[in-house]
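Report on one structure; see the data block that follows.
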Amino acid sequence: MTHAAQPDSSQRGKVLCVDDEPGILRALDWLLRRHFDVVTANSGEMAMDLIRDNDFDVIISDQRMPGMTGVELLKAARQLAPRAMRILLTGYSDLQAVLASVNEGEVFRFINKPWNVDELPVVVGQAVGLSRTAAPRVEDEQEDAAPQRLADPILLVDGDASVHQAFDDALEEVAVTVFHARTLAEALEVLDREQIGVLVSEVRVGGFDATRLIRMLKAKQPEIVSVILSGEHDAETITSLINQGQIYRYVPKPVRAGYMRLVVSSAQNKHRQMRDNPELAGRHEVEAVPAWQAEEMEQDLARGERRRAGAPEPASGVGLLQGIVTTFRRLLGR
Amino acid sequence: MRFRLVRYFVLTSCVAFLAVAAALVFFQQQQGELFRSVQSEEAKFFGEVQTSFADQQARSARRDLLAIHEGGNVNLTRLFANTLWDQGLSALLERAGEIDVDQCRAIPDGQNADGRTVAPPEKKACFAEIGAQIRALPEFAFLNDKVYRAMHRSSVFKIKVYDTRGVTIYSSEHAQVGDDKIANAGFLGAMVGTPTSELTHRDKFSAFEGQVENRDLISSYLPLYGQDGDSIIAVFEVYSDVTRFVDRINQTQAETRAAQASNLQSIAAASENSQLLIDGSVKRLVGVLLGLLAVLFAILFLIVSRADRLLRQHEAERSRSQQQLAQAEKMASLGQMVAGVAHQLNTPLAFSKSNVTMAMEGMRELSAPVDIAARLAAITRETHDDVVTLKVAGARRRLSGMQLRGSDVDDMRTMLGDVLGGIEQMSEMVTNLRDFTRLDRNKTVDFDLNKSLRNVIYVARSVIPTTIAIEERFDDAPILNCNVSQMNQVFLNLINNAAQAIGKDGSITVSSQVTADAIEIRVRDNGHGIRGDVLPHIFEPYFSTKPKGEGTGIGLSIAREIVENHGGTIEVESTSDEGTTFLVKFPQANEHTIIDLAA
Ligand SMILES: Nc1ncnc2c1ncn2[C@@H]1O[C@H](COP(=O)(O)OP(=O)(O)OP(=O)(O)O)[C@@H](O)[C@H]1O
Ligand SMILES: [Mg+2]
């Protein structure tokens, strides 16, 4: 990656690092200052002042700080400096903090301590680049923006029939088409056939890991906004979904209908922005998904389909399988 | 105190069964008694009825006897009068009537000791004189002869005749002639026309035949009517012998009595018999009931002792699972702490790693300048000239590419200094962790509780939110002989509770104080406090107001157990919405303090 900054100082990315531990701040400064203009703050309050007075490209904050927490800071920064990309530095995974950082702070990446010295500058460089290519308007980020009439359809992927019912009930008054998929293969088929705007998915579907689909989809079709609706709350999963799937929201089950409507409408707004402004999608660029995961996914799909079909007639069974694998490859580019 | 099921059951049921048995025996006796008394009552009543019946019979027989003989005497009198009238009776009546009795009558009556009216001896003598005059009359002797002849060998023992004045003008017992009968009830009854009879027993009686003994006699006063048939001219008194009849009556009565007695006897025998029968059956019944009670007791005993065994088993299982739960809780909080400490470790680890990596990269960049400097040094050593010419044509690119500055090396030194700082932080953490989970678990040592508190606070900081300030106010050396890791657990529970009560912003004050006779540790928070209705329960195991997963509710119960095992107390004081203070107090022996003060 060659996002490293040019010598011209105006071109150099402007990065704000926030942590209450001076050792961390000095280390980040040393690590990043070769390529970026680094400013440090040892508290959330001090960082807020700096954000008001400067125009940062990237804000890196630790989560655990006395006073303002990292999530609170990033949430405020989202309003104060919407252009700045937000990175959360975490020591250990506090689930509530992670959930809040996704849903309220809309973070670009989670960086775990200790960080990788080679990768961190790259991620920051990426973020600097993206912050400059496209900046969302502040009002677009508002969650309560009115839902659009010409919304792209929604795809709900969940193995549980009652969730589909509840979802339909929640969106009853919203004029939007909802496609339902109970298996990954069905989801794949819908994605291939329709122009889906928002993908709402459980973490596991039919015993298989659905997050790989989301991550791969994001890499190929970044304008699809994904929302996780899940009963599983595990900070690790959410972290990887952000870093590799750039999920838009993580909604823990059970969920109130009103909140679901709010999340869906704001996801649709997000999708519209990205569709109308393709560079914006870059802001949600993800880490590459390892090839082996794609392969594994392909196999799981086939296995799930075979299991669902029971003991099908060999010819048609094989035909069906072939179709799914083809779709998978076409859609996710293998 | 423990509830000993089997023992209590045996005691109470034995008492109850004994009471029942005693009651049964008592009732059985009562029953027998009652039966006996009813029987004797009945027998008595029956006897009385029989006696009264027999008496009644004897009485009526006597009455009949009297009536019959009275009737007989009336007839006899009439017959007598008719026969004797012309043979001297009328003459005697006439002659005797001529004798004046008024002067004798005029002698006043006296009274005897009983208050009865009796004639004084002079009066009796006066009448005896009249009697002598009558006996002297020839009519008297004539009549007497006739009477004796008529009455010879009859059942009539005695005949007396009174004139209307009440004077005895004739008696077969001659001594009685002249007696005054004016006050006699029988005489007076006969004078108004009512014959009166009386049955008497006489031990001795002077009859026609002479002196008789032991006789039952009926005496009748009978009026004698004159020829006109209207006026009473004299009164007869006739004594007839009914000894034979009375004897028969008495014999009948005796027979009845004997029958009655034998009746009573047989009744008594029968009742005795039935009493025995009843007693026997009641005894059998009581025996059967007691046997049943014993069987019942045995069955209940089996059931209860089985239940007791089961209860014991459950108890044991419960305490085992409680211990396991406590263990699990310990593990969970340990897990939380491990995660928290791992996070804290991550911070120095992160910058140390980053710094070291960068320093190593920097070292690589340093190698060229150091090479060059070394070469320069060698050259300088080889030549003694003050001026050396360096040809840089070949190395120009390499040299001009070098951007390293002296400050970079300073930076590197600072970076490595930070690494050293980081390592120190990490080792402090490791020391604290090691102190916290001391391995000398079962030993008690004299330990400075301040150290324990510092250690716990250090560890707790890694799990509780950074927005909560923890203030330490420590007194000098609160030294307690204790199990340190258990003390740590107590303080950690209190501090964790305080932090959970605060939530986000607030402060916890941990203080230690050494007073004259105790060590006091206080953990105060300004959290939500404890409601009055919750306060009495907080030390109960498994009592928690926190959502599932956040609190199992055994923190304080464990803390109290530990504190009490150390001879201390734990108290709480709380105001809703203002905060809570927990006070842990360990009483100290006074001499201990004195020695401390002297030292
Ligand atoms: N400092 C405090 N402030 C307010 N309430 C408290 C405080 N300490 C204890 N409590 C109350 O007492 C209850 C019992 O406390 P305890 O420590 O025994 O259990 P817990 O904290 O609920 O669960 P855990 O087993 O995880 O400690 C708590 O649920 C809480 O309601
Ligand atoms: Mg507790």
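All residue names refer to the structure tokens as shown: chains lettered A, B, ... in order, residues numbered from 1 in each chain, ligands numbered from 1 in order.
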Quick one: pick out all alpha helix (DSSP H) residues within region 75-291 of chain A from a backbone DSSP run and write them as a PyMOL selection string.
-> chain A and resi 75-80+95-103+119-133+161-170+184-193+211-220+235-245+257-276+278-282+291
With C-alpha atoms retained, write the just-selected residues as a short mmCIF file (atom, residue, chain, number, x, y, z; two decimals), in the first residue's frame.
```
data_model
loop_
_atom_site.label_atom_id
_atom_site.label_comp_id
_atom_site.auth_asym_id
_atom_site.auth_seq_id
_atom_site.Cartn_x
_atom_site.Cartn_y
_atom_site.Cartn_z
CA LYS A 75 -19.56 9.91 18.96
CA ALA A 76 -19.05 13.61 19.60
CA ALA A 77 -16.37 13.77 16.92
CA ARG A 78 -18.83 12.31 14.41
CA GLN A 79 -20.87 15.48 14.82
CA LEU A 80 -18.01 17.94 15.21
CA LEU A 95 -18.90 -5.66 24.72
CA GLN A 96 -20.97 -2.60 25.58
CA ALA A 97 -18.19 -0.30 24.44
CA VAL A 98 -17.77 -2.19 21.19
CA LEU A 99 -21.49 -2.16 20.46
CA ALA A 100 -21.72 1.56 21.22
CA SER A 101 -18.70 2.32 19.08
CA VAL A 102 -20.35 0.58 16.11
CA ASN A 103 -23.82 1.99 16.52
CA GLU A 119 0.03 -2.33 9.81
CA LEU A 120 -1.05 0.64 11.90
CA PRO A 121 0.53 3.30 9.65
CA VAL A 122 -1.05 1.59 6.67
CA VAL A 123 -4.54 1.61 8.16
CA VAL A 124 -4.11 5.23 9.18
CA GLY A 125 -2.85 6.09 5.71
CA GLN A 126 -5.88 4.40 4.20
CA ALA A 127 -8.15 6.35 6.50
CA VAL A 128 -6.43 9.61 5.57
CA GLY A 129 -6.91 8.87 1.92
CA LEU A 130 -10.58 8.04 2.34
CA SER A 131 -11.28 11.05 4.53
CA ARG A 132 -10.14 13.24 1.69
CA THR A 133 -11.89 11.53 -1.21
CA ALA A 161 -39.17 -17.86 10.94
CA SER A 162 -40.44 -15.81 13.88
CA VAL A 163 -37.76 -13.20 13.25
CA HIS A 164 -39.05 -12.77 9.70
CA GLN A 165 -42.57 -12.32 11.01
CA ALA A 166 -41.49 -9.78 13.64
CA PHE A 167 -39.43 -7.92 11.06
CA ASP A 168 -42.40 -7.66 8.67
CA ASP A 169 -44.56 -6.46 11.53
CA ALA A 170 -42.03 -3.80 12.45
CA LEU A 184 -27.23 -18.58 2.85
CA ALA A 185 -27.96 -20.12 -0.54
CA GLU A 186 -31.32 -18.38 -0.70
CA ALA A 187 -29.63 -15.14 0.30
CA LEU A 188 -27.07 -15.62 -2.42
CA GLU A 189 -29.76 -16.16 -4.97
CA VAL A 190 -31.63 -13.00 -3.97
CA LEU A 191 -28.43 -10.97 -3.99
CA ASP A 192 -27.70 -12.20 -7.50
CA ARG A 193 -31.17 -11.44 -8.79
CA THR A 211 -20.45 -13.04 8.66
CA ARG A 212 -18.15 -14.32 5.91
CA LEU A 213 -20.89 -13.58 3.39
CA ILE A 214 -21.18 -10.07 4.76
CA ARG A 215 -17.45 -9.51 4.69
CA MET A 216 -17.04 -10.83 1.19
CA LEU A 217 -20.04 -8.91 -0.01
CA LYS A 218 -18.64 -5.69 1.39
CA ALA A 219 -15.41 -6.21 -0.46
CA LYS A 220 -17.27 -6.70 -3.73
CA ALA A 235 -17.00 -8.53 21.06
CA GLU A 236 -14.59 -10.49 18.92
CA THR A 237 -17.18 -11.13 16.21
CA ILE A 238 -18.29 -7.53 16.17
CA THR A 239 -14.70 -6.34 15.90
CA SER A 240 -14.05 -8.51 12.90
CA LEU A 241 -17.39 -7.50 11.36
CA ILE A 242 -16.35 -3.87 11.59
CA ASN A 243 -12.83 -4.32 10.36
CA GLN A 244 -13.69 -6.71 7.57
CA GLY A 245 -17.38 -6.18 6.95
CA ALA A 257 -39.98 -2.53 16.52
CA GLY A 258 -39.44 1.22 16.71
CA TYR A 259 -35.68 0.88 16.99
CA MET A 260 -35.62 -1.62 14.12
CA ARG A 261 -37.51 0.88 11.91
CA LEU A 262 -35.07 3.63 12.86
CA VAL A 263 -32.07 1.45 12.09
CA VAL A 264 -33.50 0.29 8.75
CA SER A 265 -34.40 3.80 7.60
CA SER A 266 -31.03 5.21 8.52
CA ALA A 267 -29.36 2.24 6.79
CA GLN A 268 -31.37 3.05 3.69
CA ASN A 269 -30.26 6.66 3.81
CA LYS A 270 -26.71 5.46 4.14
CA HIS A 271 -27.14 3.21 1.17
CA ARG A 272 -28.62 6.03 -0.92
CA GLN A 273 -25.67 8.26 -0.11
CA MET A 274 -23.24 5.60 -1.15
CA ARG A 275 -25.14 4.71 -4.27
CA ASP A 276 -25.32 8.36 -5.34
CA PRO A 278 -19.63 5.97 -5.03
CA GLU A 279 -16.45 7.46 -3.54
CA LEU A 280 -18.23 7.59 -0.24
CA ALA A 281 -18.31 3.84 -0.28
CA GLY A 282 -14.56 3.95 0.01
CA ALA A 291 -8.88 -16.64 0.37
#
```
May I have the residues within 8 Å of ligand 1, computed using only C-alpha atoms and all ligand atoms, as a compact mmCIF listing (two decimals) with C-alpha atoms, in the first residue's frame?
```txt
# COMPACT_ATOMS: atom_id res chain seq x y z
CA GLU B 329 -18.42 -17.13 41.58
CA SER B 333 -14.75 -12.67 39.38
CA ASN B 493 -16.17 -7.60 47.22
CA LEU B 494 -16.83 -4.36 49.08
CA ILE B 495 -15.04 -2.22 46.51
CA ASN B 496 -16.73 -3.99 43.61
CA ASN B 497 -20.15 -3.49 45.22
CA ALA B 498 -19.34 0.17 45.75
CA ALA B 499 -18.30 0.57 42.12
CA GLN B 500 -21.42 -1.23 40.93
CA ALA B 501 -23.60 1.02 43.10
CA ILE B 502 -21.97 4.10 41.61
CA ARG B 524 -17.69 4.42 51.48
CA ASP B 525 -19.32 5.19 48.18
CA GLY B 527 -23.69 5.44 44.83
CA HIS B 528 -27.40 4.75 44.78
CA GLY B 529 -27.50 3.47 48.35
CA ILE B 530 -29.59 0.64 49.72
CA VAL B 534 -33.46 -4.38 50.98
CA LEU B 535 -31.03 -3.57 53.78
CA HIS B 537 -31.26 -9.02 53.38
CA ILE B 538 -28.00 -7.99 51.81
CA PHE B 539 -25.87 -10.44 53.81
CA GLU B 540 -28.05 -13.40 52.88
CA PRO B 541 -26.48 -15.79 50.45
CA TYR B 542 -27.87 -15.47 46.91
CA PHE B 543 -29.62 -12.23 47.68
CA SER B 544 -28.97 -9.79 44.87
CA THR B 545 -30.76 -6.84 43.36
CA LYS B 546 -28.55 -6.97 40.31
CA GLU B 550 -24.03 -9.33 37.02
CA GLY B 551 -24.54 -10.50 40.58
CA THR B 552 -24.95 -13.88 42.18
CA GLY B 553 -25.55 -12.31 45.58
CA ILE B 554 -22.93 -14.19 47.55
CA GLY B 555 -20.28 -11.48 47.71
CA LEU B 556 -21.39 -10.07 51.03
CA SER B 557 -22.27 -13.42 52.59
CA ILE B 558 -18.75 -14.66 51.85
CA SER B 574 -26.80 3.52 53.92
CA GLY B 579 -24.41 6.36 49.39
CA THR B 580 -23.33 3.50 51.52
CA THR B 581 -20.62 2.84 54.07
CA PHE B 582 -19.47 -0.62 55.01
```
So which residues touch Pro22 (chain A) within 10 Å, counting only C-alpha atoms, skipping near sequence neighbours fewer than 6 positions away, as a PyMOL selection string?
-> (chain A and resi 28+40-42) or (chain B and resi 351+418)
For the selection you just gave me, I'd like the residues written to a file as a PDB file, in the first residue's frame, keeping all heavy atoms.
```pdb
ATOM      1  N   LEU A  28       2.811   6.227  19.737  1.00  0.00           N
ATOM      2  CA  LEU A  28       2.048   6.488  18.514  1.00  0.00           C
ATOM      3  C   LEU A  28       2.681   7.636  17.731  1.00  0.00           C
ATOM      4  O   LEU A  28       2.759   7.596  16.499  1.00  0.00           O
ATOM      5  CB  LEU A  28       0.591   6.835  18.872  1.00  0.00           C
ATOM      6  CG  LEU A  28      -0.287   5.649  19.274  1.00  0.00           C
ATOM      7  CD1 LEU A  28      -1.668   6.153  19.728  1.00  0.00           C
ATOM      8  CD2 LEU A  28      -0.452   4.667  18.115  1.00  0.00           C
ATOM      9  N   THR A  40      -1.300  15.001  19.812  1.00  0.00           N
ATOM     10  CA  THR A  40      -1.746  14.081  20.875  1.00  0.00           C
ATOM     11  C   THR A  40      -2.542  14.818  21.946  1.00  0.00           C
ATOM     12  O   THR A  40      -2.348  16.023  22.157  1.00  0.00           O
ATOM     13  CB  THR A  40      -0.557  13.391  21.565  1.00  0.00           C
ATOM     14  OG1 THR A  40       0.250  14.379  22.184  1.00  0.00           O
ATOM     15  CG2 THR A  40       0.255  12.569  20.582  1.00  0.00           C
ATOM     16  N   ALA A  41      -3.448  14.067  22.575  1.00  0.00           N
ATOM     17  CA  ALA A  41      -4.252  14.609  23.687  1.00  0.00           C
ATOM     18  C   ALA A  41      -4.334  13.522  24.741  1.00  0.00           C
ATOM     19  O   ALA A  41      -4.533  12.364  24.417  1.00  0.00           O
ATOM     20  CB  ALA A  41      -5.649  14.980  23.192  1.00  0.00           C
ATOM     21  N   ASN A  42      -4.161  13.925  26.033  1.00  0.00           N
ATOM     22  CA  ASN A  42      -4.186  12.880  27.064  1.00  0.00           C
ATOM     23  C   ASN A  42      -5.524  12.721  27.750  1.00  0.00           C
ATOM     24  O   ASN A  42      -5.652  12.036  28.745  1.00  0.00           O
ATOM     25  CB  ASN A  42      -3.065  13.075  28.082  1.00  0.00           C
ATOM     26  CG  ASN A  42      -3.223  14.385  28.811  1.00  0.00           C
ATOM     27  OD1 ASN A  42      -4.297  14.988  28.785  1.00  0.00           O
ATOM     28  ND2 ASN A  42      -2.157  14.837  29.457  1.00  0.00           N
TER      29      ASN A  42
ATOM     30  N   PHE B 351       2.902  -0.051  23.977  1.00  0.00           N
ATOM     31  CA  PHE B 351       3.915   0.966  23.598  1.00  0.00           C
ATOM     32  C   PHE B 351       5.315   0.405  23.682  1.00  0.00           C
ATOM     33  O   PHE B 351       6.176   0.779  22.884  1.00  0.00           O
ATOM     34  CB  PHE B 351       3.716   2.294  24.343  1.00  0.00           C
ATOM     35  CG  PHE B 351       3.917   2.281  25.832  1.00  0.00           C
ATOM     36  CD1 PHE B 351       5.214   2.228  26.354  1.00  0.00           C
ATOM     37  CD2 PHE B 351       2.852   2.413  26.705  1.00  0.00           C
ATOM     38  CE1 PHE B 351       5.413   2.269  27.724  1.00  0.00           C
ATOM     39  CE2 PHE B 351       3.054   2.452  28.068  1.00  0.00           C
ATOM     40  CZ  PHE B 351       4.333   2.371  28.583  1.00  0.00           C
ATOM     41  N   ASP B 418      11.086   4.605  27.788  1.00  0.00           N
ATOM     42  CA  ASP B 418       9.653   4.313  27.961  1.00  0.00           C
ATOM     43  C   ASP B 418       9.419   2.814  28.096  1.00  0.00           C
ATOM     44  O   ASP B 418       8.586   2.352  28.887  1.00  0.00           O
ATOM     45  CB  ASP B 418       8.855   4.822  26.749  1.00  0.00           C
ATOM     46  CG  ASP B 418       8.425   6.273  26.951  1.00  0.00           C
ATOM     47  OD1 ASP B 418       8.817   6.858  27.989  1.00  0.00           O
ATOM     48  OD2 ASP B 418       7.693   6.804  26.091  1.00  0.00           O
TER      49      ASP B 418
END
```
Could you list, as a list in words, the residues of chain A having an atom within 7 Å of chain B when counting only C-alpha atoms?
-> Gly23, Ile24, Ala27, Arg64, Met65, Pro66, Gly67, Gly91, Tyr92, Lys113, Pro114, Trp115 and Val117 of chain A
Output file for the residues above (N, CA and C atoms, as a PDB file, in the first residue's frame):
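Okay, this is what ended up in part30.pdb:
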```
ATOM      1  N   GLY A  23       2.887   7.041  27.650  1.00  0.00           N
ATOM      2  CA  GLY A  23       3.714   6.075  26.934  1.00  0.00           C
ATOM      3  C   GLY A  23       3.099   5.711  25.598  1.00  0.00           C
ATOM      4  N   ILE A  24       1.804   5.517  25.594  1.00  0.00           N
ATOM      5  CA  ILE A  24       1.097   5.185  24.358  1.00  0.00           C
ATOM      6  C   ILE A  24       1.168   6.356  23.387  1.00  0.00           C
ATOM      7  N   ALA A  27       4.568   6.657  21.869  1.00  0.00           N
ATOM      8  CA  ALA A  27       4.848   5.582  20.925  1.00  0.00           C
ATOM      9  C   ALA A  27       4.109   5.812  19.614  1.00  0.00           C
ATOM     10  N   ARG A  64     -10.614   3.163  27.157  1.00  0.00           N
ATOM     11  CA  ARG A  64     -10.641   3.347  28.629  1.00  0.00           C
ATOM     12  C   ARG A  64      -9.843   4.557  29.048  1.00  0.00           C
ATOM     13  N   MET A  65     -10.558   5.619  29.384  1.00  0.00           N
ATOM     14  CA  MET A  65      -9.868   6.813  29.882  1.00  0.00           C
ATOM     15  C   MET A  65     -10.716   7.386  31.014  1.00  0.00           C
ATOM     16  N   PRO A  66     -10.075   7.998  31.989  1.00  0.00           N
ATOM     17  CA  PRO A  66     -10.885   8.649  33.022  1.00  0.00           C
ATOM     18  C   PRO A  66     -11.638   9.807  32.372  1.00  0.00           C
ATOM     19  N   GLY A  67     -12.811  10.118  32.863  1.00  0.00           N
ATOM     20  CA  GLY A  67     -13.607  11.169  32.238  1.00  0.00           C
ATOM     21  C   GLY A  67     -14.309  10.605  31.042  1.00  0.00           C
ATOM     22  N   GLY A  91      -8.006  -2.211  24.539  1.00  0.00           N
ATOM     23  CA  GLY A  91      -7.113  -3.139  25.220  1.00  0.00           C
ATOM     24  C   GLY A  91      -7.775  -4.498  25.317  1.00  0.00           C
ATOM     25  N   TYR A  92      -8.918  -4.539  25.965  1.00  0.00           N
ATOM     26  CA  TYR A  92      -9.667  -5.797  25.958  1.00  0.00           C
ATOM     27  C   TYR A  92     -11.093  -5.465  25.582  1.00  0.00           C
ATOM     28  N   LYS A 113      -4.730  -3.387  21.144  1.00  0.00           N
ATOM     29  CA  LYS A 113      -3.402  -3.241  21.740  1.00  0.00           C
ATOM     30  C   LYS A 113      -2.879  -4.636  22.013  1.00  0.00           C
ATOM     31  N   PRO A 114      -1.662  -4.978  21.863  1.00  0.00           N
ATOM     32  CA  PRO A 114      -0.684  -4.114  21.185  1.00  0.00           C
ATOM     33  C   PRO A 114      -0.875  -4.165  19.665  1.00  0.00           C
ATOM     34  N   TRP A 115      -0.638  -3.042  19.046  1.00  0.00           N
ATOM     35  CA  TRP A 115      -0.845  -2.961  17.595  1.00  0.00           C
ATOM     36  C   TRP A 115       0.357  -3.494  16.846  1.00  0.00           C
ATOM     37  N   VAL A 117       3.157  -2.838  14.338  1.00  0.00           N
ATOM     38  CA  VAL A 117       3.899  -1.632  13.948  1.00  0.00           C
ATOM     39  C   VAL A 117       3.870  -1.388  12.435  1.00  0.00           C
TER      40      VAL A 117
END
```
Picked from region 332-531 of chain B by DSSP as strand (DSSP E or B), as a PyMOL selection string | chain B and resi 445-448+468-473+479-482+506-514+518-525
Extract, using only C-alpha atoms, all DNA, RNA and protein residues at most 8 Å from Val157 (chain A), discarding same-chain residues fewer than 2 positions from it, and format them as a ChimeraX atom specification.
-> /A:155,159,180-184,187,199-202,205
Compile the contact shell of Lys44 (chain B) as JSON, numbers by chain: residues with an atom at most 10 Å away, counting only C-alpha atoms, same-chain residues fewer than 6 positions apart removed.
-> {"B": [38, 50, 264]}
Save out the residues we just selected, C-alpha atoms, as a tab-separated table (two decimals), in the first residue's frame.
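Once written, selection23.tsv looks like this:
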```
chain	number	residue	atom	x	y	z
B	38	VAL	CA	-74.88	-48.46	87.68
B	50	GLN	CA	-88.86	-55.74	96.26
B	264	LEU	CA	-80.65	-59.84	94.53
```
Separation of CA of His233 (chain A) from CA of Gly207 (chain A), in Å and rounded to one decimal =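 Taking CA of His233 (chain A) as the start and CA of Gly207 (chain A) as the end point, the length is 16.4 Å.
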With distances taken over only C-alpha atoms and all ligand atoms, which of B:Ile519, B:Ala368, B:Leu492, B:Val338 is nearest to ligand 2?
-> B:Leu492
